Amino acid sequence: MDANIKISIKNLSFRYYRRNVIDNLSFRFAENKITAITGPSGQGKSTLLTTINRLWEDIPGACMTGNVTIQFKEAVKNIYDRSIDLPWLRKKVGMVFQSPNPLPMSIFKNTAFPLKLAGEKDNRVTASKVENALKKTFLWNEVKDRLQNDARTLSGGQQQRLCMARALVLEPEVLLLDEPTSSLDPLSVSVIENLLLDLKHNQTIIMVSHYLDQIKRIADHVMELE
């Protein structure tokens, strides 16, 4: 793969039962850039995101053909190769969904949850990575004195940034975002857009968005599905 290409999709087709959602798609995503995926509803934008971390594989009736290759720091890998470990892949390719989904636990435990699943047992390492992730999402100063509070007491914008921190705590190379600002007020939208512009220096970001003004403000590249 070219040095500045992070993800290469070739001849990708996807269907649910007999309904074709994506037909023979090929596209390359640039490294350390924000690529916005846009287009009418029902064209497979969210589905496309799930093919980049294989999250679709848990959906009954779903079927995909084609190749998705990612240039990880270790090596270039076809993520559909049988040797790929799914937990490893999802550490490298994080995802944030449209609606904030904090877990019913404290702010600290929410952020640390992926580390727990990954087997991290050193409390000092966990605390350091949680603080770093919350700082990356501009949330640390707002919550550092109430880390043990229920995460569901945060505002909608704060909850979405918490979900981003939870995705970033494992230091993924790719961040997938499915309409991350659709349910937020204008101030929260502005905060998250600035956050994404900051994050792209270390992550490759692929974002589904219907908002053309937002795409003009922050996207380096646009992929339109028709």
# chains A, B, ... in the order shown; residues from 1 in each chain; ligands from 1
>>> residues_around(residues="Ala118 (chain A)", least_positions_apart="2", cutoff="9 Å", atoms="only C-alpha atoms", output="list in words")
Pro87, Trp88, Lys91, Phe113, Pro114, Leu115, Lys116, Glu120 and Leu170 of chain A
>>> write_last_selection(atoms="C-alpha atoms", output="short mmCIF file (atom, residue, chain, number, x, y, z; two decimals), in the first residue's frame")
data_model
loop_
_atom_site.label_atom_id
_atom_site.label_comp_id
_atom_site.auth_asym_id
_atom_site.auth_seq_id
_atom_site.Cartn_x
_atom_site.Cartn_y
_atom_site.Cartn_z
CA PRO A 87 -10.25 -8.41 20.02
CA TRP A 88 -6.87 -7.25 18.66
CA LYS A 91 -8.32 -2.43 19.85
CA PHE A 113 -13.70 -0.68 30.73
CA PRO A 114 -11.83 -1.55 27.49
CA LEU A 115 -8.59 -1.83 29.47
CA LYS A 116 -10.28 -4.28 31.83
CA GLU A 120 -4.81 -4.71 32.12
CA LEU A 170 -6.73 1.63 23.90
#
>>> closest_atom_pairs(of="region 38-144 of chain A", to="region 10-28 of chain A", cutoff="8 Å", atoms="only C-alpha atoms", output="Markdown table")
| residue | atom | partner | partner_atom | distance |
| --- | --- | --- | --- | --- |
| A:Gly42 | CA | A:Val21 | CA | 7.8 |
| A:Gln43 | CA | A:Val21 | CA | 6.4 |
| A:Gly44 | CA | A:Val21 | CA | 5.5 |
| A:Leu48 | CA | A:Ile22 | CA | 7.9 |
| A:Gly61 | CA | A:Tyr17 | CA | 4.8 |
| A:Ala62 | CA | A:Tyr16 | CA | 4.5 |
| A:Cys63 | CA | A:Arg15 | CA | 5.4 |
| A:Met64 | CA | A:Phe14 | CA | 4.4 |
| A:Thr65 | CA | A:Ser13 | CA | 5.3 |
| A:Gly66 | CA | A:Leu12 | CA | 4.2 |
| A:Asn67 | CA | A:Lys10 | CA | 5.3 |
| A:Val68 | CA | A:Lys10 | CA | 6.6 |
>>> closest_residue(among="A:Tyr211, A:Phe97, A:Ile37, A:Leu176", to="Thr51 (chain A)", atoms="only C-alpha atoms")
A:Leu176
>>> select_by_dssp(residues="region 66-166 of chain A", states="strand (DSSP E)", output="list in words")
Gly66, Asn67, Val68, Thr69, Ile70, Gln71, Val76, Lys77, Asn78, Val93, Gly94, Met95 and Val96 of chain A
>>> select_by_dssp(residues="region 7-224 of chain A", states="helix (DSSP H, G or I)", output="JSON, numbers by chain")
{"A": [45, 46, 47, 48, 49, 50, 51, 55, 56, 57, 58, 86, 87, 88, 89, 90, 91, 92, 107, 108, 109, 110, 111, 112, 113, 114, 115, 116, 117, 123, 124, 125, 126, 127, 128, 129, 130, 131, 132, 133, 134, 135, 136, 140, 141, 142, 143, 151, 152, 153, 156, 157, 158, 159, 160, 161, 162, 163, 164, 165, 166, 167, 168, 186, 187, 188, 189, 190, 191, 192, 193, 194, 195, 196, 197, 198, 199, 212, 213, 214, 215, 216, 217, 218]}
>>> residues_around(residues="Arg161 (chain A)", least_positions_apart="4", cutoff="10 Å", atoms="only C-alpha atoms", output="compact mmCIF listing (two decimals) with N, CA and C atoms, in the first residue's frame")
# COMPACT_ATOMS: atom_id res chain seq x y z
N VAL A 96 -17.30 4.75 17.65
CA VAL A 96 -18.22 5.53 18.48
C VAL A 96 -19.53 5.63 17.72
N PRO A 100 -24.91 8.58 22.40
CA PRO A 100 -24.01 8.25 23.51
C PRO A 100 -24.54 7.03 24.27
N ALA A 133 -6.83 9.67 28.15
CA ALA A 133 -7.97 9.61 27.23
C ALA A 133 -8.96 10.74 27.50
N LEU A 134 -9.21 11.02 28.77
CA LEU A 134 -10.13 12.10 29.12
C LEU A 134 -9.55 13.46 28.75
N LYS A 136 -7.54 13.93 26.16
CA LYS A 136 -7.64 14.00 24.70
C LYS A 136 -9.01 14.49 24.25
N THR A 137 -10.03 14.14 25.02
CA THR A 137 -11.40 14.53 24.65
C THR A 137 -11.85 15.80 25.37
N PHE A 138 -10.90 16.54 25.93
CA PHE A 138 -11.18 17.80 26.62
C PHE A 138 -12.20 17.63 27.74
N LEU A 139 -12.19 16.48 28.39
CA LEU A 139 -13.18 16.18 29.42
C LEU A 139 -12.57 16.14 30.81
N SER A 155 -23.89 15.52 30.83
CA SER A 155 -24.72 16.07 29.76
C SER A 155 -24.53 15.23 28.49
N GLY A 156 -25.40 15.45 27.50
CA GLY A 156 -25.31 14.68 26.28
C GLY A 156 -23.97 14.84 25.58
N GLY A 157 -23.48 16.08 25.49
CA GLY A 157 -22.19 16.32 24.86
C GLY A 157 -21.05 15.68 25.63
N ALA A 165 -13.60 8.96 24.63
CA ALA A 165 -12.48 8.63 25.51
C ALA A 165 -12.38 7.13 25.73
N ARG A 166 -13.53 6.48 25.86
CA ARG A 166 -13.55 5.02 26.04
C ARG A 166 -12.97 4.32 24.81
N ALA A 167 -13.24 4.86 23.62
CA ALA A 167 -12.67 4.29 22.40
C ALA A 167 -11.18 4.59 22.29
N PRO A 180 -21.60 11.23 14.92
CA PRO A 180 -21.27 11.46 16.33
C PRO A 180 -21.88 12.71 16.95
N SER A 188 -21.93 21.73 21.88
CA SER A 188 -21.29 20.40 21.97
C SER A 188 -20.76 19.96 20.62
N VAL A 191 -17.44 21.63 20.08
CA VAL A 191 -16.38 21.02 20.90
C VAL A 191 -15.90 19.73 20.26
N ILE A 192 -16.83 18.90 19.79
CA ILE A 192 -16.45 17.60 19.21
C ILE A 192 -15.75 17.79 17.87
N LEU A 195 -12.32 18.65 18.66
CA LEU A 195 -11.67 17.44 19.16
C LEU A 195 -11.19 16.57 18.00
>>> atom_distance(atom1="CA of Leu199 (chain A)", atom2="CA of Asn123 (chain A)")
25.6 Å
>>> closest_residue(among="A:Gly94, A:Pro104, A:Pro60, A:Gly119", to="Leu168 (chain A)", atoms="only C-alpha atoms")
A:Gly94
